[in-house]
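Source file: my_file31.tsv; contents: TSV, C-alpha atoms.
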chain	number	residue	atom	x	y	z
A	620	MET	CA	35.47	-18.08	-9.15
A	621	THR	CA	33.69	-21.36	-8.74
A	622	THR	CA	30.04	-21.29	-9.63
A	623	TYR	CA	27.91	-23.58	-7.55
A	624	GLU	CA	25.79	-25.88	-9.66
A	625	PRO	CA	23.10	-28.01	-8.06
A	626	ASP	CA	23.26	-31.73	-8.67
A	627	PRO	CA	21.25	-32.92	-11.65
A	628	MET	CA	17.64	-33.65	-10.86
A	629	PRO	CA	17.30	-37.25	-9.63
A	630	ASP	CA	15.64	-39.53	-12.17
A	631	ARG	CA	12.76	-40.34	-9.88
A	632	LEU	CA	12.02	-36.69	-9.32
A	633	ARG	CA	12.40	-35.94	-13.02
A	634	ALA	CA	9.87	-38.66	-13.83
A	635	ALA	CA	7.44	-37.31	-11.26
A	636	VAL	CA	7.82	-33.78	-12.66
A	637	SER	CA	7.22	-34.93	-16.21
A	638	ALA	CA	4.01	-36.62	-15.05
A	639	LEU	CA	2.63	-33.37	-13.66
A	640	PRO	CA	-0.27	-32.02	-15.67
A	641	ARG	CA	0.42	-28.92	-17.72
A	642	ASP	CA	-3.13	-27.71	-17.24
A	643	VAL	CA	-5.10	-27.71	-14.02
A	644	PRO	CA	-8.61	-26.35	-14.45
A	645	PRO	CA	-9.68	-24.14	-11.54
A	646	ALA	CA	-12.30	-25.49	-9.17
A	647	ASP	CA	-14.52	-22.45	-9.71
A	648	ASP	CA	-15.06	-20.34	-12.77
A	649	GLY	CA	-13.25	-17.10	-12.00
A	650	TRP	CA	-14.29	-15.35	-15.19
A	651	PRO	CA	-17.33	-13.45	-13.80
A	652	ALA	CA	-15.16	-11.82	-11.13
A	653	ILE	CA	-12.47	-10.94	-13.65
A	654	ARG	CA	-15.02	-9.50	-16.04
A	655	ALA	CA	-16.52	-7.44	-13.23
A	656	ARG	CA	-13.10	-6.01	-12.37
A	657	ILE	CA	-12.40	-5.19	-15.99
A	658	GLU	CA	-15.78	-3.55	-16.48
A	659	SER	CA	-15.60	-1.58	-13.24
A	660	ALA	CA	-12.32	0.00	-14.29
A	661	ARG	CA	-13.68	1.28	-17.60
A	662	VAL	CA	-13.83	4.95	-18.47
A	663	VAL	CA	-15.71	6.70	-21.24
A	664	PRO	CA	-14.33	5.28	-24.48
A	665	LEU	CA	-12.30	7.28	-26.92
A	666	PRO	CA	-13.67	8.20	-30.34
A	667	GLY	CA	-13.38	5.36	-32.79
A	668	SER	CA	-12.71	2.68	-30.22
A	669	GLY	CA	-15.58	0.72	-31.72
A	670	ARG	CA	-16.89	-1.41	-28.87
A	671	VAL	CA	-18.94	-0.20	-25.96
A	672	ALA	CA	-21.37	1.46	-28.31
A	673	ARG	CA	-23.83	1.97	-25.49
A	674	ARG	CA	-21.76	4.91	-24.31
A	675	PRO	CA	-21.37	8.09	-26.35
A	676	SER	CA	-17.90	8.43	-27.80
A	677	LEU	CA	-17.45	12.12	-28.50
A	678	PRO	CA	-14.11	13.66	-27.49
A	679	TRP	CA	-15.74	16.24	-25.26
A	680	ARG	CA	-17.13	13.43	-23.15
A	681	LEU	CA	-13.63	12.35	-22.41
A	682	VAL	CA	-12.50	15.82	-21.42
A	683	THR	CA	-15.59	16.20	-19.27
A	684	ALA	CA	-14.94	12.87	-17.60
A	685	ALA	CA	-11.37	13.84	-16.80
A	686	ALA	CA	-12.44	17.25	-15.54
A	687	VAL	CA	-15.09	15.68	-13.32
A	688	LEU	CA	-12.51	13.26	-12.07
A	689	VAL	CA	-10.21	16.11	-11.04
A	690	LEU	CA	-13.04	18.05	-9.40
A	691	VAL	CA	-14.19	15.01	-7.46
A	692	THR	CA	-10.64	14.26	-6.43
A	693	SER	CA	-10.03	17.81	-5.33
A	694	ALA	CA	-13.22	17.86	-3.29
A	695	ILE	CA	-12.35	14.59	-1.61
A	696	THR	CA	-8.81	15.79	-1.07
A	697	MET	CA	-9.97	18.95	0.69
A	698	ARG	CA	-12.45	17.02	2.77
A	699	ALA	CA	-9.90	14.39	3.67
A	700	VAL	CA	-7.30	16.96	4.61
A	701	ARG	CA	-9.75	18.86	6.82
A	702	ARG	CA	-11.31	15.79	8.39
A	703	GLU	CA	-8.20	13.73	8.85
A	704	ALA	CA	-5.61	16.31	9.75
A	705	PRO	CA	-5.81	15.58	13.49
A	706	ARG	CA	-5.59	11.84	12.80
A	707	ALA	CA	-2.67	12.38	10.47
A	708	ALA	CA	-0.86	14.30	13.17
A	709	ALA	CA	-1.55	11.53	15.63
A	710	VAL	CA	-0.33	8.87	13.23
A	711	SER	CA	2.79	10.83	12.48
A	712	ALA	CA	3.62	11.30	16.12
A	713	PRO	CA	6.32	8.81	17.04
A	714	SER	CA	4.56	7.82	20.20
A	715	THR	CA	5.40	4.15	19.85
A	716	SER	CA	7.64	2.14	17.61
A	717	GLY	CA	4.60	0.09	16.55
A	718	MET	CA	2.84	3.19	15.30
A	719	LEU	CA	5.91	4.28	13.38
A	720	ARG	CA	6.23	0.88	11.79
A	721	LEU	CA	2.57	1.01	10.77
A	722	VAL	CA	3.04	4.41	9.12
A	723	ASN	CA	6.17	3.22	7.36
A	724	ASP	CA	4.40	0.09	6.13
A	725	ARG	CA	1.58	2.18	4.73
A	726	ARG	CA	4.04	4.49	3.01
A	727	LYS	CA	5.73	1.48	1.45
A	728	LEU	CA	2.36	0.19	0.34
A	729	VAL	CA	1.57	3.51	-1.34
A	730	ILE	CA	4.97	3.48	-3.04
A	731	ASP	CA	4.41	-0.12	-4.19
A	732	VAL	CA	1.00	0.74	-5.60
A	733	CYS	CA	2.39	3.75	-7.45
A	734	ASN	CA	5.42	1.86	-8.75
A	735	ASN	CA	3.32	-0.99	-10.06
A	736	TYR	CA	0.88	1.30	-11.83
A	737	ASP	CA	3.61	3.59	-13.12
A	738	ALA	CA	5.42	0.61	-14.65
A	739	ALA	CA	2.27	-0.53	-16.43
A	740	ALA	CA	1.45	3.02	-17.56
A	741	SER	CA	4.99	3.52	-18.82
A	742	ASP	CA	4.69	0.51	-21.12
A	743	LEU	CA	1.41	1.76	-22.51
A	744	GLU	CA	2.72	5.30	-22.90
A	745	GLY	CA	5.61	3.90	-24.93
A	746	VAL	CA	3.17	2.26	-27.32
A	747	LEU	CA	1.14	5.46	-27.51
A	748	ARG	CA	4.25	7.51	-28.36
A	749	GLU	CA	4.93	5.21	-31.29
A	750	ARG	CA	1.37	5.54	-32.55
A	751	ARG	CA	0.92	9.22	-31.80
A	752	SER	CA	1.95	10.56	-35.21
A	753	ARG	CA	-0.69	8.43	-36.90
A	754	LEU	CA	-3.57	9.59	-34.74
A	755	SER	CA	-5.57	12.64	-35.65
A	756	PRO	CA	-4.36	15.91	-34.05
A	757	ALA	CA	-7.76	16.39	-32.43
A	758	THR	CA	-7.56	12.96	-30.80
A	759	VAL	CA	-4.01	13.58	-29.62
A	760	ARG	CA	-5.06	16.90	-28.10
A	761	VAL	CA	-7.96	15.31	-26.24
A	762	LEU	CA	-5.77	12.48	-25.04
A	763	GLU	CA	-3.07	14.78	-23.75
A	764	GLU	CA	-5.55	16.98	-21.93
A	765	SER	CA	-7.18	13.97	-20.34
A	766	LEU	CA	-3.89	12.44	-19.29
A	767	ARG	CA	-2.77	15.75	-17.78
A	768	ALA	CA	-5.98	15.92	-15.78
A	769	ILE	CA	-5.61	12.35	-14.56
A	770	ASP	CA	-1.96	12.89	-13.65
A	771	GLN	CA	-2.96	15.96	-11.69
A	772	ALA	CA	-5.50	13.86	-9.78
A	773	ILE	CA	-2.81	11.25	-9.07
A	774	ARG	CA	-0.43	13.94	-7.77
A	775	GLU	CA	-3.10	15.33	-5.46
A	776	ALA	CA	-4.01	11.93	-4.08
A	777	ARG	CA	-0.34	11.11	-3.51
A	778	ALA	CA	0.21	14.39	-1.72
A	779	VAL	CA	-2.62	13.60	0.69
A	780	LEU	CA	-1.29	10.10	1.24
A	781	GLU	CA	2.16	11.47	1.91
A	782	ALA	CA	0.69	13.47	4.80
A	783	ASP	CA	-1.68	10.73	5.89
A	784	PRO	CA	-0.65	7.30	4.67
A	785	ALA	CA	-3.38	5.70	6.78
A	786	SER	CA	-6.19	7.15	4.68
A	787	GLN	CA	-7.80	4.12	3.08
A	788	ASP	CA	-10.30	6.34	1.23
A	789	MET	CA	-7.49	8.18	-0.46
A	790	LEU	CA	-5.63	4.98	-1.29
A	791	ASP	CA	-8.79	3.59	-2.88
A	792	LEU	CA	-9.19	6.80	-4.84
A	793	LEU	CA	-5.58	6.69	-5.99
A	794	ASP	CA	-6.07	3.10	-7.11
A	795	SER	CA	-9.20	4.07	-9.00
A	796	VAL	CA	-7.56	7.02	-10.77
A	797	TYR	CA	-4.58	4.91	-11.79
A	798	ARG	CA	-6.92	2.27	-13.19
A	799	GLN	CA	-8.65	4.94	-15.23
A	800	LYS	CA	-5.32	6.11	-16.54
A	801	LEU	CA	-4.41	2.60	-17.66
A	802	ASP	CA	-7.79	2.12	-19.24
A	803	LEU	CA	-7.53	5.42	-21.10
A	804	LEU	CA	-4.07	4.48	-22.40
A	805	ARG	CA	-5.22	1.02	-23.39
A	806	ARG	CA	-8.14	2.43	-25.32
A	807	ALA	CA	-5.96	5.04	-26.95
A	808	ASN	CA	-3.63	2.29	-28.10
A	809	ALA	CA	-6.54	0.41	-29.61
A	810	LEU	CA	-7.69	3.36	-31.71
A	811	PRO	CA	-7.51	2.83	-35.46
A	812	LEU	CA	-4.57	4.61	-37.07
A	813	ARG	CA	-4.81	6.98	-40.01
A	814	SER	CA	-3.51	5.46	-43.22
A	815	SER	CA	-0.27	7.20	-44.20
B	1253	MET	CA	5.47	-25.34	-55.26
B	1254	PRO	CA	5.47	-22.35	-52.92
B	1255	LEU	CA	4.56	-23.01	-49.35
B	1256	PRO	CA	1.19	-21.63	-48.36
B	1257	SER	CA	1.44	-18.54	-46.24
B	1258	PRO	CA	0.59	-19.21	-42.61
B	1259	ARG	CA	-3.02	-18.48	-41.85
B	1260	PRO	CA	-3.82	-16.54	-38.74
B	1261	SER	CA	-5.13	-18.80	-35.99
B	1262	PRO	CA	-8.42	-18.11	-34.23
B	1263	ILE	CA	-6.45	-16.99	-31.19
B	1264	ASP	CA	-4.76	-14.27	-33.27
B	1265	GLY	CA	-8.16	-12.90	-34.17
B	1266	ASP	CA	-9.24	-12.93	-30.54
B	1267	ILE	CA	-6.06	-11.16	-29.49
B	1268	ALA	CA	-6.68	-8.41	-32.02
B	1269	LEU	CA	-10.31	-8.07	-30.94
B	1270	ALA	CA	-9.41	-8.01	-27.25
B	1271	GLN	CA	-6.76	-5.38	-27.89
B	1272	ARG	CA	-9.58	-3.20	-29.23
B	1273	GLY	CA	-11.61	-3.71	-26.07
B	1274	ASP	CA	-13.70	-6.76	-26.94
B	1275	VAL	CA	-14.32	-8.46	-23.60
B	1276	ASP	CA	-15.97	-11.50	-25.19
B	1277	ALA	CA	-12.83	-12.16	-27.21
B	1278	PHE	CA	-10.80	-11.75	-24.04
B	1279	GLU	CA	-12.98	-14.35	-22.34
B	1280	ARG	CA	-12.07	-16.83	-25.08
B	1281	LEU	CA	-8.39	-16.08	-24.52
B	1282	TYR	CA	-8.89	-16.51	-20.79
B	1283	ARG	CA	-10.51	-19.91	-21.30
B	1284	ALA	CA	-7.68	-21.00	-23.58
B	1285	GLU	CA	-4.99	-20.09	-21.03
B	1286	ILE	CA	-6.69	-20.64	-17.68
B	1287	GLY	CA	-5.60	-24.25	-17.12
B	1288	ARG	CA	-1.92	-23.60	-17.52
B	1289	VAL	CA	-1.94	-20.35	-15.58
B	1290	ASN	CA	-3.96	-21.94	-12.79
B	1291	ALA	CA	-1.46	-24.79	-12.54
B	1292	LEU	CA	1.34	-22.24	-12.23
B	1293	CYS	CA	-0.51	-20.15	-9.62
B	1294	LEU	CA	-1.42	-23.20	-7.53
B	1295	ARG	CA	2.16	-24.40	-7.48
B	1296	LEU	CA	3.73	-21.02	-6.80
B	1297	THR	CA	1.33	-20.16	-3.98
B	1298	ALA	CA	0.92	-23.66	-2.56
B	1299	GLY	CA	-2.79	-23.13	-3.12
B	1300	GLN	CA	-3.00	-20.21	-0.71
B	1301	GLY	CA	-4.44	-17.15	-2.42
B	1302	ALA	CA	-4.23	-18.82	-5.82
B	1303	ASP	CA	-7.71	-17.63	-6.82
B	1304	GLU	CA	-6.88	-14.01	-6.07
B	1305	LEU	CA	-3.58	-14.32	-7.89
B	1306	LEU	CA	-5.36	-15.82	-10.89
B	1307	GLN	CA	-7.74	-12.87	-11.02
B	1308	ASP	CA	-4.90	-10.38	-10.69
B	1309	VAL	CA	-3.02	-12.11	-13.50
B	1310	PHE	CA	-5.87	-11.88	-15.98
B	1311	VAL	CA	-6.77	-8.32	-15.06
B	1312	ARG	CA	-3.09	-7.49	-15.65
B	1313	VAL	CA	-3.15	-9.37	-18.96
B	1314	TRP	CA	-6.13	-7.26	-20.00
B	1315	GLU	CA	-4.36	-4.05	-19.01
B	1316	LYS	CA	-1.15	-4.99	-20.79
B	1317	LEU	CA	-2.77	-6.53	-23.86
B	1318	PRO	CA	-2.16	-3.48	-26.08
B	1319	THR	CA	1.59	-3.95	-25.53
B	1320	PHE	CA	1.53	-7.52	-26.85
B	1321	ARG	CA	3.25	-7.51	-30.24
B	1322	GLY	CA	3.36	-11.20	-31.01
B	1323	GLU	CA	7.12	-11.42	-30.51
B	1324	SER	CA	6.54	-14.55	-28.44
B	1325	ALA	CA	3.64	-16.98	-28.32
B	1326	PHE	CA	0.67	-15.50	-26.53
B	1327	SER	CA	0.68	-18.27	-23.92
B	1328	THR	CA	4.38	-17.61	-23.20
B	1329	TRP	CA	3.67	-13.91	-22.79
B	1330	VAL	CA	0.75	-14.59	-20.43
B	1331	HIS	CA	2.85	-17.05	-18.50
B	1332	ARG	CA	5.67	-14.60	-17.94
B	1333	LEU	CA	3.20	-11.93	-16.90
B	1334	ALA	CA	1.72	-14.36	-14.37
B	1335	VAL	CA	5.16	-14.99	-12.89
B	1336	ASN	CA	5.76	-11.23	-12.65
B	1337	VAL	CA	2.41	-10.63	-10.94
B	1338	PHE	CA	3.22	-13.37	-8.45
B	1339	LEU	CA	6.68	-12.00	-7.72
B	1340	ILE	CA	5.42	-8.43	-7.31
B	1341	ALA	CA	2.71	-9.61	-4.91
B	1342	ARG	CA	5.23	-11.65	-3.00
B	1343	ARG	CA	7.66	-8.75	-2.67
B	1344	GLY	CA	4.82	-6.57	-1.38
B	1345	GLU	CA	3.85	-9.21	1.14
B	1346	LEU	CA	7.39	-9.61	2.37
B	1347	ARG	CA	7.84	-5.89	2.76
B	1348	ARG	CA	4.53	-5.41	4.52
B	1349	GLU	CA	4.88	-8.26	6.88
B	1350	GLN	CA	8.52	-7.50	7.68
B	1351	ARG	CA	8.93	-10.89	9.15
B	1352	VAL	CA	11.41	-13.68	8.98
B	1353	VAL	CA	9.88	-16.80	7.56
B	1354	SER	CA	11.44	-19.35	9.78
B	1355	SER	CA	10.36	-22.25	7.59
B	1356	ASP	CA	12.52	-20.82	4.80
B	1357	GLN	CA	15.56	-21.46	6.93
B	1358	SER	CA	14.62	-25.00	7.75
B	1359	ASP	CA	15.72	-28.10	5.93
B	1360	GLU	CA	12.62	-29.97	6.99
B	1361	LEU	CA	9.15	-29.68	5.61
B	1362	PRO	CA	6.39	-28.52	7.92
B	1363	LEU	CA	4.44	-31.36	9.50
B	1364	ASP	CA	1.03	-29.85	8.89
B	1365	PRO	CA	0.39	-29.72	5.16
B	1366	ALA	CA	-3.09	-28.13	4.96
B	1367	HIS	CA	-2.35	-26.78	1.53
B	1368	GLY	CA	-5.18	-28.18	-0.48
B	1369	TYR	CA	-3.71	-31.53	-1.56
B	1370	ALA	CA	-4.70	-34.81	-0.02
B	1371	VAL	CA	-1.94	-36.12	2.26
B	1372	ASP	CA	-2.80	-39.77	1.90
B	1373	ASP	CA	-3.55	-39.72	-1.80
B	1374	PRO	CA	-1.82	-42.75	-3.30
B	1375	ASP	CA	-1.28	-41.11	-6.62
B	1376	ALA	CA	2.36	-40.17	-7.16
B	1377	ARG	CA	1.50	-37.01	-9.02
B	1378	LEU	CA	-0.51	-35.72	-6.11
B	1379	ASP	CA	2.34	-36.72	-3.79
B	1380	LEU	CA	4.63	-34.44	-5.71
B	1381	GLU	CA	2.07	-31.62	-5.85
B	1382	ARG	CA	1.63	-31.90	-2.11
B	1383	ALA	CA	5.36	-32.01	-1.49
B	1384	ILE	CA	5.86	-28.91	-3.65
B	1385	SER	CA	3.17	-27.11	-1.68
B	1386	LEU	CA	5.09	-27.84	1.52
B	1387	LEU	CA	8.37	-26.36	0.33
B	1388	PRO	CA	9.61	-23.09	1.82
B	1389	GLN	CA	8.54	-20.21	-0.39
B	1390	GLY	CA	11.90	-19.39	-1.98
B	1391	ALA	CA	12.75	-23.01	-2.68
B	1392	ARG	CA	9.28	-23.60	-4.07
B	1393	ALA	CA	9.53	-20.69	-6.49
B	1394	ALA	CA	12.96	-21.86	-7.66
B	1395	PHE	CA	11.75	-25.41	-8.21
B	1396	VAL	CA	8.49	-24.49	-9.96
B	1397	LEU	CA	10.09	-21.92	-12.23
B	1398	HIS	CA	13.23	-23.95	-13.08
B	1399	ASP	CA	12.31	-27.61	-12.96
B	1400	ILE	CA	8.68	-27.40	-14.02
B	1401	GLU	CA	8.44	-24.24	-16.10
B	1402	GLY	CA	11.89	-24.34	-17.64
B	1403	TYR	CA	13.24	-20.89	-16.76
B	1404	SER	CA	17.02	-20.62	-16.40
B	1405	HIS	CA	18.74	-19.77	-13.11
B	1406	GLU	CA	19.64	-16.38	-14.53
B	1407	GLU	CA	16.10	-15.61	-15.66
B	1408	ILE	CA	14.71	-16.52	-12.25
B	1409	ALA	CA	17.37	-14.46	-10.54
B	1410	GLY	CA	16.60	-11.49	-12.78
B	1411	MET	CA	12.87	-11.72	-12.16
B	1412	GLN	CA	13.31	-11.89	-8.40
B	1413	GLY	CA	16.19	-9.44	-8.09
B	1414	ILE	CA	18.42	-11.99	-6.39
B	1415	ALA	CA	21.74	-13.64	-7.28
B	1416	ALA	CA	21.74	-16.64	-9.59
B	1417	ALA	CA	23.78	-18.47	-6.95
B	1418	THR	CA	20.90	-18.00	-4.52
B	1419	VAL	CA	18.52	-19.55	-7.02
B	1420	ARG	CA	20.85	-22.53	-7.42
B	1421	THR	CA	21.04	-22.97	-3.68
B	1422	GLN	CA	17.26	-22.78	-3.32
B	1423	LEU	CA	16.84	-25.27	-6.12
B	1424	HIS	CA	19.26	-27.68	-4.52
B	1425	ARG	CA	17.39	-27.44	-1.23
B	1426	ALA	CA	14.03	-27.88	-2.96
B	1427	ARG	CA	15.13	-31.05	-4.71
B	1428	LYS	CA	16.63	-32.45	-1.53
B	1429	LEU	CA	13.45	-31.77	0.45
B	1430	LEU	CA	11.25	-33.18	-2.28
B	1431	MET	CA	13.25	-36.38	-2.52
B	1432	GLU	CA	13.06	-36.80	1.26
B	1433	GLU	CA	9.33	-36.27	1.14
B	1434	LEU	CA	8.81	-38.68	-1.75
B	1435	ASP	CA	10.91	-41.32	0.03
B	1436	ARG	CA	8.72	-41.28	3.12

Kindly present the structure from the file in structure tokens form.
Amino acid sequence: MTTYEPDPMPDRLRAAVSALPRDVPPADDGWPAIRARIESARVVPLPGSGRVARRPSLPWRLVTAAAVLVLVTSAITMRAVRREAPRAAAVSAPSTSGMLRLVNDRRKLVIDVCNNYDAAASDLEGVLRERRSRLSPATVRVLEESLRAIDQAIREARAVLEADPASQDMLDLLDSVYRQKLDLLRRANALPLRSS
Amino acid sequence: MPLPSPRPSPIDGDIALAQRGDVDAFERLYRAEIGRVNALCLRLTAGQGADELLQDVFVRVWEKLPTFRGESAFSTWVHRLAVNVFLIARRGELRREQRVVSSDQSDELPLDPAHGYAVDDPDARLDLERAISLLPQGARAAFVLHDIEGYSHEEIAGMQGIAAATVRTQLHRARKLLMEELDR
């Protein structure tokens, strides 16, 4: 089989490329917006995570936070299901091809969101698995309970979105819960390990 | 005489601090990398949505920071993450829009640049930046990643989920279009 190889880069083009700057400072400082996004995604820190001393860091706070998260999610889920059931039925009805395409696009969007977050969470979970044996049993127990609660919230939000992919509220909630999961995992992976 | 053991650089310390949740340390890392990542984002997006992409990249870097093990240079790791964030966003856009980008089929550059670079700038570097911004999306990604950033055809193909032959074809088209534009 012949493999197509492009011609070598012309010298003139090569010279122009080599003259391109490696660094291009942005016109505006984007850091404040990035910091705001990072801060807004934070959850109650895990014990021993050091920073963010302004928030209490007892394990029960974490469990409480996760439990509250599930309760809030469940309440919103029930409300959304009740309030939006007629709309969901209307959206699902294949009245026009445009409507169907819209629903399919939204479903793809939900799948994309979940896939992206799941990939990031999977990486972090891998790191956590490697560190797990060197964390205290109490911390591991708290972590696992919290992650179970968050995963339950994700499942509930996804179930609602499956029935009503047009629900922007639920998509926002799903996004928020996933962010909390990533933040929890990231903090767990930053916990100091016990010396063996 | 034994060689002195390598001392950790300031950036290593900031990486360790940021991995533990220190946002101030992360800001220092951001400031160290922003120029290079911004250049990449501007070229990949032709300046359209580059600011949003830049934000997404650094939020993603923050989220993934605990997985950084120092197996490559930090800037290389950030750079690859930026490319991944761009490609994921692009795939999402393509799926959502479900449209055929007619300019990707064309062998001529669009007449209206409007991509953030001065058309009549006499500087050759800006000419090339402008010409890159006018490339069809696939050809632009191939050119930026291969000819500017140094990724191989196979790496680019793997990142985009396309055949290496497609990357080569896009690269060939990009170079041809750029040369035509520079010759004008």

inquiry  = Could you work out which residues of chain A fall inside 8 Å of chain B? Count all atoms listed in the file, and format the result as a PyMOL selection string.
reply    = chain A and resi 622-626+628+632+635-645+649-650+652-654+656-657+668-670+724+727-728+731+739+742-743+746+801-802+805-806+808-810

Would you put the residues from that selection into a file with C-alpha atoms, as a short mmCIF file (atom, residue, chain, number, x, y, z; two decimals), in the coordinates of the input?
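Writing done, so here's again.cif:
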data_model
loop_
_atom_site.label_atom_id
_atom_site.label_comp_id
_atom_site.auth_asym_id
_atom_site.auth_seq_id
_atom_site.Cartn_x
_atom_site.Cartn_y
_atom_site.Cartn_z
CA THR A 622 30.04 -21.29 -9.63
CA TYR A 623 27.91 -23.58 -7.55
CA GLU A 624 25.79 -25.88 -9.66
CA PRO A 625 23.10 -28.01 -8.06
CA ASP A 626 23.26 -31.73 -8.67
CA MET A 628 17.64 -33.65 -10.86
CA LEU A 632 12.02 -36.69 -9.32
CA ALA A 635 7.44 -37.31 -11.26
CA VAL A 636 7.82 -33.78 -12.66
CA SER A 637 7.22 -34.93 -16.21
CA ALA A 638 4.01 -36.62 -15.05
CA LEU A 639 2.63 -33.37 -13.66
CA PRO A 640 -0.27 -32.02 -15.67
CA ARG A 641 0.42 -28.92 -17.72
CA ASP A 642 -3.13 -27.71 -17.24
CA VAL A 643 -5.10 -27.71 -14.02
CA PRO A 644 -8.61 -26.35 -14.45
CA PRO A 645 -9.68 -24.14 -11.54
CA GLY A 649 -13.25 -17.10 -12.00
CA TRP A 650 -14.29 -15.35 -15.19
CA ALA A 652 -15.16 -11.82 -11.13
CA ILE A 653 -12.47 -10.94 -13.65
CA ARG A 654 -15.02 -9.50 -16.04
CA ARG A 656 -13.10 -6.01 -12.37
CA ILE A 657 -12.40 -5.19 -15.99
CA SER A 668 -12.71 2.68 -30.22
CA GLY A 669 -15.58 0.72 -31.72
CA ARG A 670 -16.89 -1.41 -28.87
CA ASP A 724 4.40 0.09 6.13
CA LYS A 727 5.73 1.48 1.45
CA LEU A 728 2.36 0.19 0.34
CA ASP A 731 4.41 -0.12 -4.19
CA ALA A 739 2.27 -0.53 -16.43
CA ASP A 742 4.69 0.51 -21.12
CA LEU A 743 1.41 1.76 -22.51
CA VAL A 746 3.17 2.26 -27.32
CA LEU A 801 -4.41 2.60 -17.66
CA ASP A 802 -7.79 2.12 -19.24
CA ARG A 805 -5.22 1.02 -23.39
CA ARG A 806 -8.14 2.43 -25.32
CA ASN A 808 -3.63 2.29 -28.10
CA ALA A 809 -6.54 0.41 -29.61
CA LEU A 810 -7.69 3.36 -31.71
#

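Using all atoms listed in the file for every distance, the candidate list A:Val722, A:Val796, A:Ala757, A:Leu812 yields A:Val796 as the residue closest to Arg774 in chain A.
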
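Our summary of the geometry notes that CA of Ile1384 in chain B is positioned 8.8 Å from CA of Leu1296 in chain B.
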
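One distance worth recording is that between CA of Leu1429 in chain B and CA of Leu1333 in chain B, which is 28.3 Å.
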
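As for CA of Asn734 in chain A and CA of Glu763 in chain A, they are spaced 21.5 Å apart.
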
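Once only C-alpha atoms are considered, the residues situated within 10 Å of the file point (6.7, -24.6, -3.4) turn out to be Leu1294, Arg1295, Leu1296, Thr1297, Ala1298, Gly1299, Glu1381, Arg1382, Ala1383, Ile1384, Ser1385, Leu1386, Leu1387, Pro1388, Gln1389, Gly1390, Ala1391, Arg1392, Ala1393, Ala1394, Phe1395, Val1396, Leu1397, Ala1426 and Leu1430 of chain B.
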
Could you please fill out range 1265-1276 of chain B with N, CA and C atoms and send it back as a PDB file, keeping the file's coordinate frame?
ATOM      1  N   GLY B1265      -7.001 -13.777 -33.989  1.00  0.00           N
ATOM      2  CA  GLY B1265      -8.160 -12.900 -34.170  1.00  0.00           C
ATOM      3  C   GLY B1265      -8.691 -12.419 -32.830  1.00  0.00           C
ATOM      4  N   ASP B1266      -8.735 -13.323 -31.856  1.00  0.00           N
ATOM      5  CA  ASP B1266      -9.240 -12.930 -30.540  1.00  0.00           C
ATOM      6  C   ASP B1266      -8.294 -11.939 -29.861  1.00  0.00           C
ATOM      7  N   ILE B1267      -7.009 -12.110 -30.072  1.00  0.00           N
ATOM      8  CA  ILE B1267      -6.060 -11.160 -29.490  1.00  0.00           C
ATOM      9  C   ILE B1267      -6.309  -9.771 -30.063  1.00  0.00           C
ATOM     10  N   ALA B1268      -6.459  -9.713 -31.384  1.00  0.00           N
ATOM     11  CA  ALA B1268      -6.680  -8.410 -32.020  1.00  0.00           C
ATOM     12  C   ALA B1268      -7.982  -7.776 -31.531  1.00  0.00           C
ATOM     13  N   LEU B1269      -9.017  -8.597 -31.420  1.00  0.00           N
ATOM     14  CA  LEU B1269     -10.310  -8.070 -30.940  1.00  0.00           C
ATOM     15  C   LEU B1269     -10.186  -7.582 -29.499  1.00  0.00           C
ATOM     16  N   ALA B1270      -9.547  -8.389 -28.669  1.00  0.00           N
ATOM     17  CA  ALA B1270      -9.410  -8.010 -27.250  1.00  0.00           C
ATOM     18  C   ALA B1270      -8.571  -6.748 -27.100  1.00  0.00           C
ATOM     19  N   GLN B1271      -7.570  -6.593 -27.963  1.00  0.00           N
ATOM     20  CA  GLN B1271      -6.760  -5.380 -27.890  1.00  0.00           C
ATOM     21  C   GLN B1271      -7.586  -4.129 -28.200  1.00  0.00           C
ATOM     22  N   ARG B1272      -8.689  -4.333 -28.934  1.00  0.00           N
ATOM     23  CA  ARG B1272      -9.580  -3.200 -29.230  1.00  0.00           C
ATOM     24  C   ARG B1272     -10.683  -3.060 -28.185  1.00  0.00           C
ATOM     25  N   GLY B1273     -10.643  -3.880 -27.145  1.00  0.00           N
ATOM     26  CA  GLY B1273     -11.610  -3.710 -26.070  1.00  0.00           C
ATOM     27  C   GLY B1273     -12.741  -4.717 -26.059  1.00  0.00           C
ATOM     28  N   ASP B1274     -12.628  -5.771 -26.868  1.00  0.00           N
ATOM     29  CA  ASP B1274     -13.700  -6.760 -26.940  1.00  0.00           C
ATOM     30  C   ASP B1274     -13.551  -7.760 -25.776  1.00  0.00           C
ATOM     31  N   VAL B1275     -14.427  -7.622 -24.792  1.00  0.00           N
ATOM     32  CA  VAL B1275     -14.320  -8.460 -23.600  1.00  0.00           C
ATOM     33  C   VAL B1275     -14.686  -9.914 -23.899  1.00  0.00           C
ATOM     34  N   ASP B1276     -15.606 -10.123 -24.844  1.00  0.00           N
ATOM     35  CA  ASP B1276     -15.970 -11.500 -25.190  1.00  0.00           C
ATOM     36  C   ASP B1276     -14.778 -12.248 -25.807  1.00  0.00           C
TER      37      ASP B1276
END
